[in-house]
$ cat coords33.cif   # mmCIF, C-alpha atoms, pLDDT in the B column; chains and numbers go by the auth columns
data_final
#
loop_
_atom_site.group_PDB
_atom_site.id
_atom_site.type_symbol
_atom_site.label_atom_id
_atom_site.label_comp_id
_atom_site.label_asym_id
_atom_site.label_seq_id
_atom_site.Cartn_x
_atom_site.Cartn_y
_atom_site.Cartn_z
_atom_site.B_iso_or_equiv
_atom_site.auth_seq_id
_atom_site.auth_asym_id
ATOM 1 C CA GLN A 1 17.395 1.279 15.707 91.00 59 A
ATOM 2 C CA VAL A 2 14.285 2.651 14.052 93.00 60 A
ATOM 3 C CA GLN A 3 11.109 2.302 16.066 96.00 61 A
ATOM 4 C CA LEU A 4 7.524 2.960 15.106 97.00 62 A
ATOM 5 C CA VAL A 5 4.986 2.874 17.920 98.00 63 A
ATOM 6 C CA GLU A 6 1.280 2.994 17.159 98.00 64 A
ATOM 7 C CA SER A 7 -1.452 4.063 19.540 98.00 65 A
ATOM 8 C CA GLY A 8 -5.058 5.194 19.492 98.00 66 A
ATOM 9 C CA GLY A 9 -6.811 1.977 18.594 98.00 67 A
ATOM 10 C CA GLY A 10 -9.913 0.836 20.404 98.00 68 A
ATOM 11 C CA SER A 11 -13.501 -0.297 20.107 98.00 69 A
ATOM 12 C CA VAL A 12 -16.189 2.024 18.775 98.00 70 A
ATOM 13 C CA GLN A 13 -19.600 1.672 17.228 98.00 71 A
ATOM 14 C CA SER A 14 -20.279 1.924 13.540 98.00 72 A
ATOM 15 C CA GLY A 15 -20.248 5.558 12.449 98.00 73 A
ATOM 16 C CA GLY A 16 -17.759 6.545 15.112 98.00 74 A
ATOM 17 C CA SER A 17 -14.271 7.989 14.825 98.00 75 A
ATOM 18 C CA LEU A 18 -10.770 7.180 15.974 98.00 76 A
ATOM 19 C CA ARG A 19 -7.388 8.779 15.494 98.00 77 A
ATOM 20 C CA LEU A 20 -4.362 6.561 15.262 98.00 78 A
ATOM 21 C CA SER A 21 -0.893 7.875 16.012 98.00 79 A
ATOM 22 C CA CYS A 22 2.510 6.531 15.041 98.00 80 A
ATOM 23 C CA THR A 23 5.476 7.999 16.855 97.00 81 A
ATOM 24 C CA ALA A 24 8.799 7.417 15.175 95.00 82 A
ATOM 25 C CA SER A 25 12.290 7.360 16.572 93.00 83 A
ATOM 26 C CA ARG A 26 15.570 7.359 14.632 92.00 84 A
ATOM 27 C CA ILE A 27 13.726 8.131 11.420 87.00 85 A
ATOM 28 C CA SER A 28 12.188 11.367 10.235 86.00 86 A
ATOM 29 C CA THR A 29 8.490 11.215 9.467 85.00 87 A
ATOM 30 C CA ARG A 30 9.021 14.367 7.424 87.00 88 A
ATOM 31 C CA THR A 31 11.534 12.904 5.009 86.00 89 A
ATOM 32 C CA PHE A 32 10.309 9.481 3.960 91.00 90 A
ATOM 33 C CA CYS A 33 7.236 7.886 2.499 95.00 91 A
ATOM 34 C CA MET A 34 5.116 6.560 5.372 96.00 92 A
ATOM 35 C CA GLY A 35 1.942 4.566 5.376 97.00 93 A
ATOM 36 C CA TRP A 36 -0.811 2.845 7.282 98.00 94 A
ATOM 37 C CA PHE A 37 -1.721 -0.753 6.631 98.00 95 A
ATOM 38 C CA ARG A 38 -4.297 -3.035 8.181 98.00 96 A
ATOM 39 C CA GLN A 39 -4.808 -6.739 8.522 98.00 97 A
ATOM 40 C CA ALA A 40 -8.067 -8.421 9.416 97.00 98 A
ATOM 41 C CA PRO A 41 -8.160 -12.041 10.637 93.00 99 A
ATOM 42 C CA GLY A 42 -7.691 -14.438 7.749 95.00 100 A
ATOM 43 C CA LYS A 43 -6.858 -11.667 5.303 96.00 101 A
ATOM 44 C CA GLU A 44 -3.681 -10.248 3.850 97.00 102 A
ATOM 45 C CA ARG A 45 -2.212 -6.990 5.046 97.00 103 A
ATOM 46 C CA GLU A 46 -3.501 -4.178 2.865 97.00 104 A
ATOM 47 C CA GLY A 47 -2.509 -0.585 2.315 98.00 105 A
ATOM 48 C CA VAL A 48 -4.911 1.966 3.743 98.00 106 A
ATOM 49 C CA ALA A 49 -3.137 5.275 3.205 98.00 107 A
ATOM 50 C CA ALA A 50 0.307 6.724 2.633 98.00 108 A
ATOM 51 C CA ILE A 51 1.902 10.127 2.494 96.00 109 A
ATOM 52 C CA GLU A 52 4.906 11.369 0.593 94.00 110 A
ATOM 53 C CA GLY A 53 7.936 12.900 2.241 90.00 111 A
ATOM 54 C CA SER A 54 8.985 16.522 2.006 85.00 112 A
ATOM 55 C CA GLY A 55 10.647 16.025 -1.367 82.00 113 A
ATOM 56 C CA SER A 56 7.333 15.046 -2.944 84.00 114 A
ATOM 57 C CA GLY A 57 5.045 17.603 -1.407 86.00 115 A
ATOM 58 C CA PHE A 58 3.481 15.402 1.262 88.00 116 A
ATOM 59 C CA LEU A 59 1.008 14.046 -1.279 93.00 117 A
ATOM 60 C CA PRO A 60 -1.453 11.591 0.303 96.00 118 A
ATOM 61 C CA TYR A 61 -2.778 8.357 -1.142 98.00 119 A
ATOM 62 C CA TYR A 62 -5.828 6.367 -0.046 98.00 120 A
ATOM 63 C CA ALA A 63 -7.362 3.014 -0.720 98.00 121 A
ATOM 64 C CA ASP A 64 -10.738 3.332 -2.416 98.00 122 A
ATOM 65 C CA SER A 65 -12.397 1.689 0.563 97.00 123 A
ATOM 66 C CA VAL A 66 -11.406 4.521 2.903 98.00 124 A
ATOM 67 C CA LYS A 67 -11.335 7.515 0.584 98.00 125 A
ATOM 68 C CA GLY A 68 -13.421 10.337 1.998 98.00 126 A
ATOM 69 C CA ARG A 69 -13.498 8.777 5.464 98.00 127 A
ATOM 70 C CA PHE A 70 -9.823 8.561 6.480 98.00 128 A
ATOM 71 C CA THR A 71 -7.201 11.297 6.510 98.00 129 A
ATOM 72 C CA ILE A 72 -3.469 10.732 6.816 98.00 130 A
ATOM 73 C CA SER A 73 -1.293 13.524 8.174 96.00 131 A
ATOM 74 C CA ARG A 74 1.898 14.127 10.064 93.00 132 A
ATOM 75 C CA ASP A 75 3.215 16.461 12.722 93.00 133 A
ATOM 76 C CA ASN A 76 6.845 16.976 11.844 89.00 134 A
ATOM 77 C CA ALA A 77 7.644 18.706 15.123 92.00 135 A
ATOM 78 C CA LYS A 78 6.430 15.630 17.014 95.00 136 A
ATOM 79 C CA ASN A 79 7.791 13.184 14.437 94.00 137 A
ATOM 80 C CA THR A 80 4.391 11.566 14.441 96.00 138 A
ATOM 81 C CA LEU A 81 2.141 10.177 11.732 97.00 139 A
ATOM 82 C CA TYR A 82 -1.633 10.169 12.153 98.00 140 A
ATOM 83 C CA LEU A 83 -4.619 8.447 10.656 98.00 141 A
ATOM 84 C CA GLN A 84 -7.922 10.158 11.368 98.00 142 A
ATOM 85 C CA MET A 85 -10.720 7.669 10.772 98.00 143 A
ATOM 86 C CA SER A 86 -14.354 8.733 10.561 98.00 144 A
ATOM 87 C CA SER A 87 -17.628 7.076 9.591 98.00 145 A
ATOM 88 C CA LEU A 88 -16.144 3.799 10.682 98.00 146 A
ATOM 89 C CA LYS A 89 -17.687 0.548 9.498 98.00 147 A
ATOM 90 C CA PRO A 90 -17.491 -2.999 10.846 97.00 148 A
ATOM 91 C CA GLU A 91 -15.349 -3.915 7.825 97.00 149 A
ATOM 92 C CA ASP A 92 -12.708 -1.476 9.090 98.00 150 A
ATOM 93 C CA THR A 93 -12.047 -3.854 11.982 98.00 151 A
ATOM 94 C CA ALA A 94 -8.400 -4.914 11.822 98.00 152 A
ATOM 95 C CA MET A 95 -4.970 -4.535 13.299 98.00 153 A
ATOM 96 C CA TYR A 96 -3.542 -1.277 11.985 98.00 154 A
ATOM 97 C CA TYR A 97 0.173 -0.918 11.310 98.00 155 A
ATOM 98 C CA CYS A 98 2.387 2.063 10.681 98.00 156 A
ATOM 99 C CA ALA A 99 5.173 1.616 8.145 97.00 157 A
ATOM 100 C CA ALA A 100 8.052 3.642 6.754 96.00 158 A
ATOM 101 C CA ARG A 101 10.498 3.406 3.911 94.00 159 A
ATOM 102 C CA SER A 102 14.204 3.725 4.507 89.00 160 A
ATOM 103 C CA SER A 103 15.049 5.558 1.292 87.00 161 A
ATOM 104 C CA ARG A 104 13.924 8.829 -0.236 87.00 162 A
ATOM 105 C CA ILE A 105 12.139 7.037 -3.069 88.00 163 A
ATOM 106 C CA PRO A 106 8.626 8.514 -3.290 92.00 164 A
ATOM 107 C CA CYS A 107 5.603 6.436 -2.366 93.00 165 A
ATOM 108 C CA GLY A 108 4.254 6.839 -5.880 92.00 166 A
ATOM 109 C CA SER A 109 2.123 4.200 -7.506 91.00 167 A
ATOM 110 C CA SER A 110 3.547 1.500 -5.252 93.00 168 A
ATOM 111 C CA TRP A 111 2.391 3.198 -2.059 96.00 169 A
ATOM 112 C CA TYR A 112 0.155 0.257 -1.119 95.00 170 A
ATOM 113 C CA GLY A 113 2.791 -2.436 -1.556 94.00 171 A
ATOM 114 C CA ARG A 114 3.751 -3.801 1.830 93.00 172 A
ATOM 115 C CA ASN A 115 7.079 -5.048 0.465 94.00 173 A
ATOM 116 C CA GLU A 116 8.022 -1.449 -0.321 93.00 174 A
ATOM 117 C CA TYR A 117 8.327 -0.577 3.365 96.00 175 A
ATOM 118 C CA ASN A 118 11.306 -1.349 5.530 95.00 176 A
ATOM 119 C CA TYR A 119 10.123 -0.521 9.023 96.00 177 A
ATOM 120 C CA TRP A 120 6.953 -1.582 10.805 98.00 178 A
ATOM 121 C CA GLY A 121 5.287 -0.933 14.098 98.00 179 A
ATOM 122 C CA GLN A 122 3.691 -3.585 16.286 97.00 180 A
ATOM 123 C CA GLY A 123 0.155 -2.552 15.431 98.00 181 A
ATOM 124 C CA THR A 124 -2.892 -1.231 17.222 98.00 182 A
ATOM 125 C CA GLN A 125 -6.259 -2.985 17.188 98.00 183 A
ATOM 126 C CA VAL A 126 -9.347 -1.272 15.839 98.00 184 A
ATOM 127 C CA THR A 127 -12.718 -2.947 16.405 98.00 185 A
ATOM 128 C CA ILE A 128 -15.945 -1.544 15.006 98.00 186 A
ATOM 129 C CA SER A 129 -19.249 -2.937 16.194 97.00 187 A
ATOM 130 C CA SER A 130 -22.494 -2.630 14.276 93.00 188 A
#
$ encode --input "coords33.cif" --output "structure tokens"
Amino acid sequence: QVQLVESGGGSVQSGGSLRLSCTASRISTRTFCMGWFRQAPGKEREGVAAIEGSGSGFLPYYADSVKGRFTISRDNAKNTLYLQMSSLKPEDTAMYYCAARSSRIPCGSSWYGRNEYNYWGQGTQVTISS
């Protein structure tokens, strides 16, 4: 079965950086739309970033709240998705989840819709202190 395993979370001070990784098995990170979501306590899960598969030119998408600070990328040889996070703020504190679609449908305008993704990792906690 498909597995997505996140790592790289931790606790850093405001202004710091972290890089999250999502290693996939039984699904190609190169082929499908993949994304990062986060969920803070008491809040709904929200889309942070996504990246198209090879058929759509690996186009990235970002939530306005992270644009310019976060970068999504993938290493196809390692079948791994990354989220480089810089200039972190306390409001970035959340559990971060990796997600993937099971079809070749592009991320497109629905990239941030959690119901559009079929596979999810268990999450990695990110805590930013002021």
$ resolve_selection --input "coords33.cif" --expression "the PyMOL selection byres ((chain A and resi 70) around 9)" --output "PyMOL selection string"
chain A and resi 68-69+71-76+146+184-187
$ write_last_selection --input "coords33.cif" --atoms "C-alpha atoms" --output "PDB file, in the coordinates of the input"
ATOM      1  CA  GLY A  68      -9.913   0.836  20.404  1.00 98.00           C
ATOM      2  CA  SER A  69     -13.501  -0.297  20.107  1.00 98.00           C
ATOM      3  CA  GLN A  71     -19.600   1.672  17.228  1.00 98.00           C
ATOM      4  CA  SER A  72     -20.279   1.924  13.540  1.00 98.00           C
ATOM      5  CA  GLY A  73     -20.248   5.558  12.449  1.00 98.00           C
ATOM      6  CA  GLY A  74     -17.759   6.545  15.112  1.00 98.00           C
ATOM      7  CA  SER A  75     -14.271   7.989  14.825  1.00 98.00           C
ATOM      8  CA  LEU A  76     -10.770   7.180  15.974  1.00 98.00           C
ATOM      9  CA  LEU A 146     -16.144   3.799  10.682  1.00 98.00           C
ATOM     10  CA  VAL A 184      -9.347  -1.272  15.839  1.00 98.00           C
ATOM     11  CA  THR A 185     -12.718  -2.947  16.405  1.00 98.00           C
ATOM     12  CA  ILE A 186     -15.945  -1.544  15.006  1.00 98.00           C
ATOM     13  CA  SER A 187     -19.249  -2.937  16.194  1.00 97.00           C
TER      14      SER A 187
END
$ closest_residue --input "coords33.cif" --among "A:Asp122, A:Thr129, A:Thr81, A:Cys156" --to "Met143 (chain A)" --atoms "all atoms listed in the file"
A:Thr129
$ closest_residue --input "coords33.cif" --among "A:Phe90, A:Tyr177, A:Trp169, A:Tyr155" --to "Gly115 (chain A)" --atoms "only C-alpha atoms"
A:Phe90
$ resolve_selection --input "coords33.cif" --expression "the PyMOL selection byres ((chain A and resi 157) around 10)" --output "PDB file with C-alpha atoms, in the frame of the given file"
ATOM      1  CA  GLN A  61      11.109   2.302  16.066  1.00 96.00           C
ATOM      2  CA  LEU A  62       7.524   2.960  15.106  1.00 97.00           C
ATOM      3  CA  VAL A  63       4.986   2.874  17.920  1.00 98.00           C
ATOM      4  CA  GLU A  64       1.280   2.994  17.159  1.00 98.00           C
ATOM      5  CA  CYS A  80       2.510   6.531  15.041  1.00 98.00           C
ATOM      6  CA  ALA A  82       8.799   7.417  15.175  1.00 95.00           C
ATOM      7  CA  CYS A  91       7.236   7.886   2.499  1.00 95.00           C
ATOM      8  CA  MET A  92       5.116   6.560   5.372  1.00 96.00           C
ATOM      9  CA  GLY A  93       1.942   4.566   5.376  1.00 97.00           C
ATOM     10  CA  TRP A  94      -0.811   2.845   7.282  1.00 98.00           C
ATOM     11  CA  PHE A  95      -1.721  -0.753   6.631  1.00 98.00           C
ATOM     12  CA  GLY A 105      -2.509  -0.585   2.315  1.00 98.00           C
ATOM     13  CA  ALA A 108       0.307   6.724   2.633  1.00 98.00           C
ATOM     14  CA  LEU A 139       2.141  10.177  11.732  1.00 97.00           C
ATOM     15  CA  TYR A 154      -3.542  -1.277  11.985  1.00 98.00           C
ATOM     16  CA  TYR A 155       0.173  -0.918  11.310  1.00 98.00           C
ATOM     17  CA  CYS A 156       2.387   2.063  10.681  1.00 98.00           C
ATOM     18  CA  ALA A 158       8.052   3.642   6.754  1.00 96.00           C
ATOM     19  CA  ARG A 159      10.498   3.406   3.911  1.00 94.00           C
ATOM     20  CA  SER A 160      14.204   3.725   4.507  1.00 89.00           C
ATOM     21  CA  ARG A 172       3.751  -3.801   1.830  1.00 93.00           C
ATOM     22  CA  GLU A 174       8.022  -1.449  -0.321  1.00 93.00           C
ATOM     23  CA  TYR A 175       8.327  -0.577   3.365  1.00 96.00           C
ATOM     24  CA  ASN A 176      11.306  -1.349   5.530  1.00 95.00           C
ATOM     25  CA  TYR A 177      10.123  -0.521   9.023  1.00 96.00           C
ATOM     26  CA  TRP A 178       6.953  -1.582  10.805  1.00 98.00           C
ATOM     27  CA  GLY A 179       5.287  -0.933  14.098  1.00 98.00           C
ATOM     28  CA  GLN A 180       3.691  -3.585  16.286  1.00 97.00           C
ATOM     29  CA  GLY A 181       0.155  -2.552  15.431  1.00 98.00           C
TER      30      GLY A 181
END
$ atom_distance --input "coords33.cif" --atom1 "CA of Ile163 (chain A)" --atom2 "CA of Asp133 (chain A)"
20.4 Å
$ resolve_selection --input "coords33.cif" --expression "the PyMOL selection byres ((chain A and resi 183) around 6)" --output "PyMOL selection string"
chain A and resi 67+153+182+184
$ axis_aligned_box --input "coords33.cif" --around "region 129-132 of chain A" --padding-each-side "6 Å" --output "AutoDock Vina command-line options"
--center_x -2.7 --center_y 12.4 --center_z 8.3 --size_x 21.1 --size_y 15.4 --size_z 15.6
